[in-house]
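A.B. asks: Sharing model-v4.txt (compact mmCIF, C-alpha atoms and all ligand atoms) below.
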```txt
# COMPACT_ATOMS: atom_id res chain seq x y z
CA MET L 1 34.15 77.38 -23.01
CA LYS L 2 32.65 78.95 -19.98
CA MET L 3 33.63 77.62 -16.54
CA THR L 4 30.63 76.91 -14.33
CA MET L 5 29.82 75.02 -11.15
CA ARG L 6 26.73 73.00 -10.33
CA TRP L 7 24.65 74.65 -7.62
CA PHE L 8 21.56 73.08 -6.05
CA GLY L 9 19.94 76.30 -4.76
CA SER L 10 20.25 78.13 -1.46
CA LYS L 11 17.81 75.82 0.29
CA TYR L 12 19.72 72.63 -0.52
CA ASP L 13 23.37 73.43 -1.21
CA THR L 14 26.08 73.70 1.44
CA VAL L 15 28.01 75.96 -0.95
CA THR L 16 26.99 79.61 -1.37
CA LEU L 17 26.91 81.68 -4.54
CA ARG L 18 29.33 84.08 -2.89
CA GLN L 19 31.85 81.29 -2.36
CA ILE L 20 31.47 80.23 -5.98
CA ARG L 21 31.97 83.80 -7.14
CA GLN L 22 35.12 84.11 -5.05
CA THR L 23 36.78 81.18 -6.78
CA ALA L 24 37.35 83.68 -9.62
CA TYR L 25 37.64 80.77 -12.06
CA VAL L 26 33.93 80.06 -12.10
CA LYS L 27 31.77 82.60 -13.90
CA GLY L 28 28.39 80.93 -13.91
CA VAL L 29 26.31 78.21 -12.34
CA ILE L 30 24.24 75.35 -13.61
CA SER L 31 21.29 75.03 -11.33
CA THR L 32 17.83 73.56 -10.94
CA LEU L 33 14.62 73.85 -8.99
CA TYR L 34 15.69 70.95 -6.83
CA GLY L 35 12.38 70.45 -5.05
CA LYS L 36 10.42 69.86 -8.26
CA MET L 37 9.13 66.40 -9.06
CA PRO L 38 9.30 65.02 -12.59
CA GLY L 39 6.02 65.89 -14.31
CA GLU L 40 5.64 69.20 -12.45
CA VAL L 41 5.64 72.45 -14.44
CA TRP L 42 8.29 75.02 -13.51
CA SER L 43 6.63 78.41 -13.67
CA ALA L 44 8.27 81.33 -15.45
CA ALA L 45 8.21 83.28 -12.17
CA GLU L 46 10.04 80.52 -10.23
CA ILE L 47 12.70 80.33 -12.92
CA LYS L 48 13.08 84.10 -12.96
CA SER L 49 13.58 84.24 -9.23
CA LEU L 50 16.35 81.59 -9.44
CA LYS L 51 17.98 83.52 -12.26
CA ASP L 52 17.74 86.83 -10.38
CA GLU L 53 19.31 85.30 -7.29
CA VAL L 54 22.25 83.98 -9.33
CA GLU L 55 22.72 87.26 -11.17
CA GLU L 56 22.57 89.32 -7.98
CA ALA L 57 25.58 87.29 -6.81
CA GLY L 58 27.53 88.38 -9.90
CA LEU L 59 27.19 85.05 -11.72
CA THR L 60 25.18 83.86 -14.71
CA LEU L 61 22.73 80.98 -14.96
CA ASP L 62 24.15 79.01 -17.88
CA GLY L 63 21.79 76.09 -17.94
CA ILE L 64 19.71 73.65 -15.97
CA GLU L 65 20.84 70.34 -14.53
CA SER L 66 18.38 68.72 -14.51
CA VAL L 67 14.82 68.96 -15.66
CA ASN L 68 14.07 65.36 -14.72
CA VAL L 69 12.13 63.08 -17.03
CA SER L 70 9.38 61.06 -15.36
CA ASP L 71 9.34 57.28 -15.26
CA ALA L 72 6.03 57.39 -17.17
CA ILE L 73 7.90 59.02 -20.07
CA LYS L 74 10.81 56.60 -19.82
CA THR L 75 8.54 53.55 -19.73
CA ALA L 76 5.73 54.81 -22.03
CA GLY L 77 3.52 54.34 -18.98
CA GLU L 78 0.27 55.88 -17.92
CA GLY L 79 0.40 59.68 -17.91
CA ARG L 80 3.27 59.91 -20.39
CA ASP L 81 1.63 62.54 -22.62
CA LYS L 82 0.56 64.63 -19.67
CA ASP L 83 4.14 64.60 -18.35
CA ILE L 84 5.49 65.49 -21.78
CA ASP L 85 3.11 68.44 -21.95
CA ALA L 86 4.38 69.59 -18.56
CA TYR L 87 7.98 69.20 -19.78
CA ILE L 88 7.20 71.30 -22.85
CA GLN L 89 5.62 73.97 -20.68
CA THR L 90 8.73 74.01 -18.48
CA LEU L 91 10.95 74.36 -21.55
CA GLU L 92 8.76 77.18 -22.79
CA ASN L 93 9.17 78.97 -19.44
CA LEU L 94 12.93 78.40 -19.47
CA GLY L 95 13.09 79.75 -23.03
CA LYS L 96 11.16 82.85 -22.01
CA ASN L 97 13.78 83.37 -19.30
CA ASP L 98 16.56 83.14 -21.89
CA ILE L 99 17.91 79.79 -20.72
CA HIS L 100 19.27 77.69 -23.54
CA MET L 101 20.74 74.47 -22.16
CA VAL L 102 18.99 71.66 -20.32
CA CYS L 103 20.75 68.56 -19.03
CA TYR L 104 18.58 65.50 -18.39
CA ASN L 105 18.99 61.75 -18.27
CA PHE L 106 17.11 58.69 -19.43
CA MET L 107 18.38 56.24 -16.82
CA PRO L 108 15.89 53.77 -15.37
CA VAL L 109 15.34 53.71 -11.59
CA PHE L 110 18.77 54.91 -10.48
CA ASP L 111 20.58 57.97 -11.72
CA TRP L 112 24.34 57.38 -11.28
CA THR L 113 25.29 54.36 -9.20
CA ARG L 114 28.08 54.15 -6.64
CA THR L 115 28.52 51.52 -3.95
CA GLU L 116 30.46 53.78 -1.56
CA LEU L 117 30.12 57.51 -0.99
CA ALA L 118 33.14 57.96 1.24
CA ARG L 119 35.99 55.60 0.39
CA VAL L 120 39.09 56.79 2.20
CA ARG L 121 42.16 57.42 0.05
CA PRO L 122 45.72 57.22 1.46
CA ASP L 123 45.83 61.00 2.01
CA GLY L 124 42.67 60.89 4.15
CA SER L 125 40.42 62.47 1.51
CA THR L 126 37.21 60.59 0.71
CA VAL L 127 35.73 59.80 -2.68
CA MET L 128 32.81 57.95 -4.22
CA ALA L 129 33.61 54.48 -5.49
CA TYR L 130 32.08 51.61 -7.42
CA SER L 131 32.66 47.93 -6.94
CA GLN L 132 30.97 45.45 -9.26
CA LYS L 133 31.31 42.77 -6.61
CA ALA L 134 29.28 44.95 -4.22
CA VAL L 135 26.63 45.60 -6.87
CA ASP L 136 26.35 41.91 -7.65
CA ALA L 137 25.97 41.09 -3.96
CA ILE L 138 23.39 43.69 -3.02
CA ASP L 139 19.63 43.54 -3.26
CA PRO L 140 18.95 46.59 -5.48
CA GLU L 141 16.05 47.56 -3.28
CA LYS L 142 18.51 47.95 -0.38
CA MET L 143 20.97 50.03 -2.39
CA PHE L 144 19.77 53.34 -0.98
CA ASP L 145 19.90 52.18 2.65
CA SER L 146 23.41 50.88 2.18
CA ILE L 147 24.81 54.31 1.30
CA ALA L 148 22.33 56.68 2.97
CA GLY L 149 24.52 57.06 6.08
CA ASP L 150 27.27 58.76 4.09
CA MET L 151 25.17 61.50 2.48
CA ASN L 152 26.20 64.14 5.06
CA GLY L 153 22.58 65.08 5.61
CA THR L 154 22.06 66.09 1.98
CA VAL L 155 19.59 64.84 -0.62
CA MET L 156 21.51 63.37 -3.53
CA PRO L 157 20.17 63.83 -7.07
CA GLY L 158 18.37 60.73 -8.27
CA TRP L 159 18.36 59.25 -4.73
CA GLU L 160 15.59 61.32 -3.19
CA PRO L 161 14.11 59.40 -0.21
CA GLU L 162 10.55 59.65 -1.57
CA ARG L 163 11.78 58.11 -4.82
CA MET L 164 13.65 55.35 -3.02
CA ALA L 165 10.54 54.57 -0.97
CA ARG L 166 8.87 53.55 -4.27
CA ILE L 167 11.78 51.43 -5.42
CA LYS L 168 9.80 48.18 -5.72
CA ASP L 169 7.20 49.86 -7.94
CA LEU L 170 9.92 51.48 -9.98
CA PHE L 171 11.55 48.13 -10.72
CA LYS L 172 8.13 46.80 -11.74
CA MET L 173 7.61 49.68 -14.15
CA TYR L 174 10.76 48.73 -16.06
CA GLU L 175 10.01 45.01 -16.22
CA GLY L 176 10.13 43.83 -19.82
CA ILE L 177 11.53 47.13 -21.14
CA THR L 178 14.33 46.31 -23.52
CA GLU L 179 17.04 48.69 -24.68
CA ASP L 180 15.24 49.03 -28.03
CA ALA L 181 12.03 49.97 -26.23
CA LEU L 182 13.91 52.54 -24.16
CA PHE L 183 15.38 54.03 -27.35
CA GLY L 184 11.84 54.16 -28.77
CA ASN L 185 10.54 55.98 -25.68
CA LEU L 186 13.41 58.45 -25.87
CA LYS L 187 12.60 59.09 -29.54
CA TYR L 188 8.95 59.74 -28.73
CA PHE L 189 9.97 62.23 -26.02
CA LEU L 190 12.56 64.02 -28.15
CA GLU L 191 10.24 64.35 -31.15
CA ALA L 192 7.63 65.92 -28.90
CA ILE L 193 9.97 68.49 -27.37
CA MET L 194 12.06 69.50 -30.41
CA PRO L 195 9.57 72.15 -31.65
CA VAL L 196 9.78 74.12 -28.39
CA CYS L 197 13.58 73.66 -28.37
CA ASP L 198 13.72 75.03 -31.92
CA LYS L 199 11.51 77.95 -30.99
CA TYR L 200 13.70 79.06 -28.06
CA ASP L 201 17.04 77.60 -29.14
CA ILE L 202 17.19 75.23 -26.19
CA LYS L 203 19.97 72.68 -26.42
CA MET L 204 19.00 69.38 -24.84
CA ALA L 205 22.04 67.62 -23.38
CA ILE L 206 21.42 64.02 -22.38
CA HIS L 207 23.61 62.79 -19.55
CA PRO L 208 25.21 59.37 -20.00
CA ASP L 209 24.37 56.39 -17.87
CA ASP L 210 26.82 56.02 -15.04
CA PRO L 211 28.41 53.53 -14.97
CA SER L 212 28.16 53.02 -18.68
CA TRP L 213 26.67 49.54 -18.62
CA SER L 214 23.54 47.89 -17.36
CA VAL L 215 23.19 47.52 -13.59
CA PHE L 216 20.70 45.26 -11.83
CA GLY L 217 19.47 44.01 -15.21
CA LEU L 218 17.97 47.40 -16.09
CA PRO L 219 18.24 48.60 -19.69
CA ARG L 220 20.75 51.43 -20.14
CA ILE L 221 21.35 53.08 -23.48
CA ILE L 222 23.50 56.22 -23.29
CA THR L 223 26.73 54.36 -22.81
CA SER L 224 28.93 54.57 -25.92
CA LEU L 225 29.60 56.47 -29.14
CA PRO L 226 27.53 54.14 -31.39
CA ASN L 227 24.57 54.48 -29.02
CA ILE L 228 24.85 58.28 -28.92
CA GLN L 229 25.03 58.31 -32.70
CA ARG L 230 21.92 56.18 -32.85
CA MET L 231 20.15 58.65 -30.59
CA MET L 232 21.25 61.67 -32.63
CA LYS L 233 20.27 60.01 -35.88
CA MET L 234 16.83 58.96 -34.73
CA VAL L 235 15.95 62.60 -33.99
CA ASP L 236 18.31 64.49 -36.23
CA ASN L 237 18.23 67.99 -34.84
CA PRO L 238 21.21 69.97 -33.46
CA HIS L 239 19.15 70.69 -30.33
CA ASN L 240 19.27 66.97 -29.61
CA GLY L 241 22.75 66.72 -28.15
CA VAL L 242 24.74 65.46 -25.21
CA THR L 243 26.36 66.27 -21.93
CA PHE L 244 29.84 64.92 -22.40
CA CYS L 245 30.56 63.51 -18.96
CA ALA L 246 34.14 62.26 -18.91
CA GLY L 247 33.69 60.42 -15.62
CA SER L 248 30.58 58.52 -16.78
CA TYR L 249 31.70 57.47 -20.26
CA GLY L 250 35.15 56.90 -18.83
CA THR L 251 33.90 54.16 -16.49
CA ASN L 252 34.26 51.90 -19.51
CA PRO L 253 37.93 51.89 -20.57
CA GLU L 254 36.79 51.00 -24.10
CA ASN L 255 35.33 54.49 -24.46
CA ASP L 256 38.16 56.57 -25.95
CA LEU L 257 37.21 59.93 -24.45
CA PRO L 258 39.15 62.37 -26.69
CA ALA L 259 38.08 60.45 -29.82
CA MET L 260 34.44 60.53 -28.70
CA ILE L 261 34.63 64.28 -28.14
CA ARG L 262 36.03 64.80 -31.63
CA ALA L 263 33.31 62.61 -33.15
CA LEU L 264 30.60 64.59 -31.37
CA LYS L 265 31.66 68.02 -32.63
CA GLY L 266 28.67 70.37 -32.69
CA ARG L 267 26.49 68.14 -30.54
CA ILE L 268 28.20 68.51 -27.15
CA HIS L 269 26.17 71.16 -25.36
CA PHE L 270 27.63 70.76 -21.88
CA ALA L 271 30.79 69.16 -20.49
CA HIS L 272 31.47 67.50 -17.14
CA VAL L 273 35.19 67.05 -16.71
CA ARG L 274 36.63 64.79 -14.02
CA ASN L 275 39.07 61.98 -13.42
CA LEU L 276 38.73 58.39 -12.21
CA GLN L 277 41.15 55.91 -10.75
CA PHE L 278 40.73 52.32 -11.94
CA ASN L 279 41.79 49.72 -9.42
CA ASP L 280 40.54 46.71 -11.31
CA GLY L 281 39.23 48.11 -14.60
CA ARG L 282 35.45 48.25 -14.73
CA ASN L 283 35.20 46.03 -11.68
CA ASP L 284 36.45 48.58 -9.23
CA PHE L 285 37.06 52.27 -9.61
CA GLU L 286 37.06 55.32 -7.43
CA GLU L 287 36.92 59.00 -8.12
CA ALA L 288 40.15 60.99 -7.93
CA ALA L 289 41.40 64.57 -7.96
CA HIS L 290 40.96 66.21 -11.36
CA LEU L 291 44.74 66.16 -11.89
CA SER L 292 45.81 63.62 -14.56
CA SER L 293 48.47 62.03 -12.39
CA ASP L 294 45.99 61.35 -9.57
CA GLY L 295 43.81 59.10 -11.72
CA SER L 296 43.60 57.13 -14.95
CA PHE L 297 42.59 59.79 -17.52
CA ASP L 298 44.73 62.16 -19.55
CA MET L 299 42.93 65.37 -18.64
CA ASN L 300 45.04 67.44 -21.00
CA ALA L 301 43.93 65.25 -23.93
CA ILE L 302 40.28 65.63 -22.88
CA VAL L 303 40.48 69.42 -22.58
CA ARG L 304 42.53 69.56 -25.79
CA ALA L 305 39.80 67.68 -27.68
CA LEU L 306 37.15 70.10 -26.37
CA TYR L 307 39.33 73.00 -27.44
CA ASP L 308 39.92 71.49 -30.88
CA ILE L 309 36.21 71.04 -31.63
CA GLY L 310 35.67 74.71 -30.75
CA PHE L 311 33.58 73.91 -27.70
CA GLU L 312 31.89 77.11 -26.51
CA GLY L 313 29.35 75.76 -24.04
CA PRO L 314 29.41 75.52 -20.27
CA ILE L 315 31.91 73.19 -18.72
CA ARG L 316 32.01 72.21 -15.08
CA PRO L 317 34.36 70.41 -12.76
CA ASP L 318 32.56 67.28 -11.67
CA HIS L 319 32.52 65.20 -8.53
CA GLY L 320 35.20 66.37 -6.20
CA ARG L 321 36.81 64.57 -3.31
CA MET L 322 35.86 65.57 0.21
CA ILE L 323 38.92 67.37 1.58
CA TRP L 324 39.97 69.78 4.33
CA GLY L 325 37.22 68.58 6.64
CA GLU L 326 34.39 69.82 4.45
CA LYS L 327 30.94 68.29 5.06
CA ALA L 328 28.85 68.52 1.91
CA MET L 329 26.90 66.45 -0.57
CA PRO L 330 29.30 63.70 -1.68
CA GLY L 331 30.96 64.85 -4.90
CA TYR L 332 29.62 68.38 -4.55
CA GLY L 333 31.70 70.14 -1.94
CA LEU L 334 33.32 73.46 -2.70
CA TYR L 335 37.03 72.85 -2.17
CA ASP L 336 37.93 70.07 -4.53
CA ARG L 337 35.62 71.30 -7.27
CA ALA L 338 37.25 74.74 -7.01
CA LEU L 339 40.64 73.06 -7.44
CA GLY L 340 39.22 71.19 -10.44
CA ALA L 341 37.92 74.40 -12.01
CA ALA L 342 41.29 76.09 -11.54
CA TYR L 343 43.09 73.14 -13.10
CA ILE L 344 40.80 72.93 -16.14
CA CYS L 345 41.07 76.70 -16.67
CA GLY L 346 44.86 76.35 -16.49
CA LEU L 347 44.91 73.60 -19.09
CA TRP L 348 42.59 75.59 -21.33
CA GLU L 349 44.65 78.80 -21.11
CA ALA L 350 47.87 76.93 -21.83
CA ILE L 351 46.37 75.30 -24.91
CA GLU L 352 44.80 78.53 -26.13
CA LYS L 353 48.00 80.55 -25.75
CA SER L 354 50.24 77.93 -27.26
CA GLU L 355 47.91 77.77 -30.28
CA ALA L 356 47.96 81.57 -30.61
CA GLU L 357 51.78 81.54 -30.61
CA LYS L 358 51.95 79.05 -33.50
C1 LIG L 401 25.87 63.07 -11.04
C2 LIG L 401 25.28 63.88 -12.12
C3 LIG L 401 23.98 63.28 -12.60
C4 LIG L 401 23.32 64.16 -13.64
C5 LIG L 401 21.99 63.64 -14.11
C6 LIG L 401 21.44 64.47 -15.22
O1 LIG L 401 26.56 63.60 -10.23
O2 LIG L 401 26.17 64.12 -13.14
O3 LIG L 401 23.14 63.14 -11.50
O4 LIG L 401 23.12 65.43 -13.10
O5 LIG L 401 22.08 62.34 -14.54
O6 LIG L 401 20.06 64.35 -15.28
```
Turn the structure described in the file into C-alpha cells.
C.D. replies:
Amino acid sequence: MKMTMRWFGSKYDTVTLRQIRQTAYVKGVISTLYGKMPGEVWSAAEIKSLKDEVEEAGLTLDGIESVNVSDAIKTAGEGRDKDIDAYIQTLENLGKNDIHMVCYNFMPVFDWTRTELARVRPDGSTVMAYSQKAVDAIDPEKMFDSIAGDMNGTVMPGWEPERMARIKDLFKMYEGITEDALFGNLKYFLEAIMPVCDKYDIKMAIHPDDPSWSVFGLPRIITSLPNIQRMMKMVDNPHNGVTFCAGSYGTNPENDLPAMIRALKGRIHFAHVRNLQFNDGRNDFEEAAHLSSDGSFDMNAIVRALYDIGFEGPIRPDHGRMIWGEKAMPGYGLYDRALGAAYICGLWEAIEKSEAEK
C-alpha cells in the first residue's frame, strides 16, 4: 500500500503540501481540479501543473478524487454523450500525465450525507454525524442550509453552493429513475470509458454511496457486496473497480468489511480507511478517531484484510475529527488525519513484520 492524503489544491485546502510532507507517514496525495464542473474537460496542461506542484513539494500524485460524473450521465439526460466525450478526453489527458487511478461516484443529487458537521464529543473534539430521525424530518431541499453554517468557510465536495442552488431541478431529474435504471446508466458510462482506461491503464474506482442506503427516496446502488459484484459483472474489466471506503460501507452493520475486502481482491483500486461510532445502529452514528477502541470497527481486521489480498494501491486516512482548535473543511483537517495515517501505517508495519517472522 502507499499512504496518501486527500488534498483539494492550494486554492481551496487549509492544509499545505509542506504540512502533508512533514507528517512523514504520507508519501503522496490524491487530488483534483476542484473548480471544475462535471462535463468540463481537464486539459493536459492543467493536470501537469497540479502534478508539478505536488512533486515540487516532494510528494507524488497517486490518483484523482474525483473526476465528477454529470447528472446528465447519471440520469441518461440531455447532453449525456457530450459529457461522456468530455470525460473520455479528461481521462486521456490524465493518462498522458501518467495518472492511473480515478475515484468517482454515481450518487444522485447528494454525495455523502450527514445531518451534523460538528457534533461535539465528550473530549471536546467535533465530528460529522448522521441521524435518520433528522433526515426523515428535513425537507431535502433545505438540507444544505441546515449544515452550511458549520462548513468553516470551505466548499465541501458534492455540496457546492451553485449545485445546491439547483436542488429542485436536480430532484426533478431523478424522478422516476429506479435502481435498475441507474445501474443501466452506469453500465452505459463504463462501457464508453473502458477503452481509454485500457489504453492508459487507468483504474476506475467507484466510491460507495454514503450512507449505504437510499436517502430521500433517491435510488442508490453502490451499497453492498452483491451490488458491487453486479456492477463488476456488467462491465467485466479489471479497470472497473472500487474505492473501498470503510466508513461508507460500514454505515450498514450488515456489511462485513473484512469479508468484503477479501471478496473484492484485485478490484479494490483505492482504500479509504476510517472508523465510526454507532449510537443506535444505522439510525444514529458519528465519526470517531481512527483507533479501533474509539469507534465500532476493528481497524486491525480491516487493514489485515487489505494486507492479505496484497493491496498495493493508494490508501488514505478518511474523515478526521476536528481537534486542537483546527478550523478546516469538516473531515479534512490536518491533525486527526495525520494521526489516522500514523495509526494505519503502524498497523500495516506490525502485520508485515509479524508475517515476515513466521
Ligand atoms: C467524502 C468523500 C466523497 C468522495 C466522492 C467520490 O468525504 O469520500 O465525497 O470523494 O464520493 O466521488
A.B. asks: Write out as an NGL selection string each polymer residue whose atoms come within 6 Å of stretch 330-347 of chain L, counting only C-alpha atoms; drop sequence neighbours fewer than 5 positions from it.
C.D. replies: :L and (25 or 290 or 317 or 319-321)
A.B. asks: Determine the nearest neighbour of ligand LIG 401 (chain L) from the options L:Thr90, L:Ser43, L:Ser248, L:Asn240, counting only C-alpha atoms and all ligand atoms.
C.D. replies: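 Between L:Thr90, L:Ser43, L:Ser248, L:Asn240, the residue approaching ligand LIG 401 (chain L) most closely is L:Ser248.
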A.B. asks: My list of candidates is L:His100, L:Arg6, L:Arg121, L:Lys358. Which is closest to ligand LIG 401 (chain L) when distances are computed with only C-alpha atoms and all ligand atoms?
C.D. replies: L:Arg6
A.B. asks: Pick the closest to ligand LIG 401 (chain L) from L:Ala148, L:Met173, L:Val15, L:Ile222: which is it, counting only C-alpha atoms and all ligand atoms?
C.D. replies: L:Ile222
A.B. asks: Could you build a table of the residues in chain L lying no more than 9 Å from ligand LIG 401 (chain L), giving for each the nearest pair of atoms and their separation in Å rounded to one decimal place, using all atoms listed in the file, ordered by chain and ascending residue number, as a Markdown table?
C.D. replies:
```
| residue | atom | partner | partner_atom | distance |
| --- | --- | --- | --- | --- |
| L:Arg6 | CA | L:LIG401 | O4 | 8.8 |
| L:Glu65 | CA | L:LIG401 | O4 | 5.6 |
| L:Ser66 | CA | L:LIG401 | O6 | 4.7 |
| L:Val67 | CA | L:LIG401 | O6 | 7.0 |
| L:Asn68 | CA | L:LIG401 | O6 | 6.1 |
| L:Val69 | CA | L:LIG401 | O6 | 8.2 |
| L:Val102 | CA | L:LIG401 | O6 | 8.9 |
| L:Cys103 | CA | L:LIG401 | C6 | 5.6 |
| L:Tyr104 | CA | L:LIG401 | O6 | 3.6 |
| L:Asn105 | CA | L:LIG401 | O6 | 4.1 |
| L:Phe106 | CA | L:LIG401 | O6 | 7.6 |
| L:Met107 | CA | L:LIG401 | O5 | 7.5 |
| L:Asp111 | CA | L:LIG401 | O5 | 5.4 |
| L:Trp112 | CA | L:LIG401 | O3 | 5.9 |
| L:Thr113 | CA | L:LIG401 | C1 | 8.9 |
| L:Met156 | CA | L:LIG401 | O3 | 8.1 |
| L:Pro157 | CA | L:LIG401 | O3 | 5.4 |
| L:Gly158 | CA | L:LIG401 | O3 | 6.2 |
| L:Ala205 | CA | L:LIG401 | C6 | 8.8 |
| L:Ile206 | CA | L:LIG401 | C6 | 7.2 |
| L:His207 | CA | L:LIG401 | C6 | 5.1 |
| L:Pro208 | CA | L:LIG401 | O5 | 7.0 |
| L:Asp209 | CA | L:LIG401 | O5 | 7.2 |
| L:Asp210 | CA | L:LIG401 | O5 | 7.9 |
| L:Thr243 | CA | L:LIG401 | C6 | 8.5 |
| L:Cys245 | CA | L:LIG401 | O2 | 7.3 |
| L:Gly247 | CA | L:LIG401 | O2 | 8.7 |
| L:Ser248 | CA | L:LIG401 | O2 | 8.0 |
| L:His272 | CA | L:LIG401 | O2 | 7.5 |
| L:Asp318 | CA | L:LIG401 | O1 | 7.2 |
| L:His319 | CA | L:LIG401 | O1 | 6.4 |
| L:Pro330 | CA | L:LIG401 | O1 | 9.0 |
| L:Gly331 | CA | L:LIG401 | O1 | 7.0 |
| L:Tyr332 | CA | L:LIG401 | O1 | 8.0 |
```
A.B. asks: Next, write the just-selected residues to a file, as a PDB file, in the coordinates of the input, keeping C-alpha atoms as the atom set.
C.D. replies:
```
ATOM      1  CA  ARG L   6      26.730  73.000 -10.330  1.00  0.00           C
ATOM      2  CA  GLU L  65      20.840  70.340 -14.530  1.00  0.00           C
ATOM      3  CA  SER L  66      18.380  68.720 -14.510  1.00  0.00           C
ATOM      4  CA  VAL L  67      14.820  68.960 -15.660  1.00  0.00           C
ATOM      5  CA  ASN L  68      14.070  65.360 -14.720  1.00  0.00           C
ATOM      6  CA  VAL L  69      12.130  63.080 -17.030  1.00  0.00           C
ATOM      7  CA  VAL L 102      18.990  71.660 -20.320  1.00  0.00           C
ATOM      8  CA  CYS L 103      20.750  68.560 -19.030  1.00  0.00           C
ATOM      9  CA  TYR L 104      18.580  65.500 -18.390  1.00  0.00           C
ATOM     10  CA  ASN L 105      18.990  61.750 -18.270  1.00  0.00           C
ATOM     11  CA  PHE L 106      17.110  58.690 -19.430  1.00  0.00           C
ATOM     12  CA  MET L 107      18.380  56.240 -16.820  1.00  0.00           C
ATOM     13  CA  ASP L 111      20.580  57.970 -11.720  1.00  0.00           C
ATOM     14  CA  TRP L 112      24.340  57.380 -11.280  1.00  0.00           C
ATOM     15  CA  THR L 113      25.290  54.360  -9.200  1.00  0.00           C
ATOM     16  CA  MET L 156      21.510  63.370  -3.530  1.00  0.00           C
ATOM     17  CA  PRO L 157      20.170  63.830  -7.070  1.00  0.00           C
ATOM     18  CA  GLY L 158      18.370  60.730  -8.270  1.00  0.00           C
ATOM     19  CA  ALA L 205      22.040  67.620 -23.380  1.00  0.00           C
ATOM     20  CA  ILE L 206      21.420  64.020 -22.380  1.00  0.00           C
ATOM     21  CA  HIS L 207      23.610  62.790 -19.550  1.00  0.00           C
ATOM     22  CA  PRO L 208      25.210  59.370 -20.000  1.00  0.00           C
ATOM     23  CA  ASP L 209      24.370  56.390 -17.870  1.00  0.00           C
ATOM     24  CA  ASP L 210      26.820  56.020 -15.040  1.00  0.00           C
ATOM     25  CA  THR L 243      26.360  66.270 -21.930  1.00  0.00           C
ATOM     26  CA  CYS L 245      30.560  63.510 -18.960  1.00  0.00           C
ATOM     27  CA  GLY L 247      33.690  60.420 -15.620  1.00  0.00           C
ATOM     28  CA  SER L 248      30.580  58.520 -16.780  1.00  0.00           C
ATOM     29  CA  HIS L 272      31.470  67.500 -17.140  1.00  0.00           C
ATOM     30  CA  ASP L 318      32.560  67.280 -11.670  1.00  0.00           C
ATOM     31  CA  HIS L 319      32.520  65.200  -8.530  1.00  0.00           C
ATOM     32  CA  PRO L 330      29.300  63.700  -1.680  1.00  0.00           C
ATOM     33  CA  GLY L 331      30.960  64.850  -4.900  1.00  0.00           C
ATOM     34  CA  TYR L 332      29.620  68.380  -4.550  1.00  0.00           C
TER      35      TYR L 332
END
```
A.B. asks: Which residues, protein or nucleic acid, reach to within 9 Å of (15.4, 50.9, 0.6) in the file's coordinates when using only C-alpha atoms, and can you give that as a ChimeraX atom specification?
C.D. replies: /L:140-146,161,164-168
A.B. asks: Looking at L:Ile193, L:Leu17, L:Ile30, L:Ile147, which one is nearest to L:Phe270, with distances taken over all atoms listed in the file?
C.D. replies: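 Among L:Ile193, L:Leu17, L:Ile30, L:Ile147, it is L:Ile30 that comes nearest to L:Phe270.
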A.B. asks: Nearest to L:Tyr87 among L:Ala350, L:Leu218, L:Ala246, L:Cys197, with distances taken over only C-alpha atoms: which residue is it?
C.D. replies: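 Once distances to L:Tyr87 are computed over only C-alpha atoms, the minimum belongs to L:Cys197.
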A.B. asks: Separation of atom CA of L:Ser131 and atom CA of L:Pro108, in Å?
C.D. replies: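 Going from atom CA of L:Ser131 over to atom CA of L:Pro108, I get 19.7 Å.
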A.B. asks: If I put a ball of radius 12 Å at (36.7, 46.5, -7.9) in the file's coordinates, which residues poke into it when counting only C-alpha atoms, written as a PyMOL selection string?
C.D. replies: chain L and resi 114-116+129-136+251+277-286
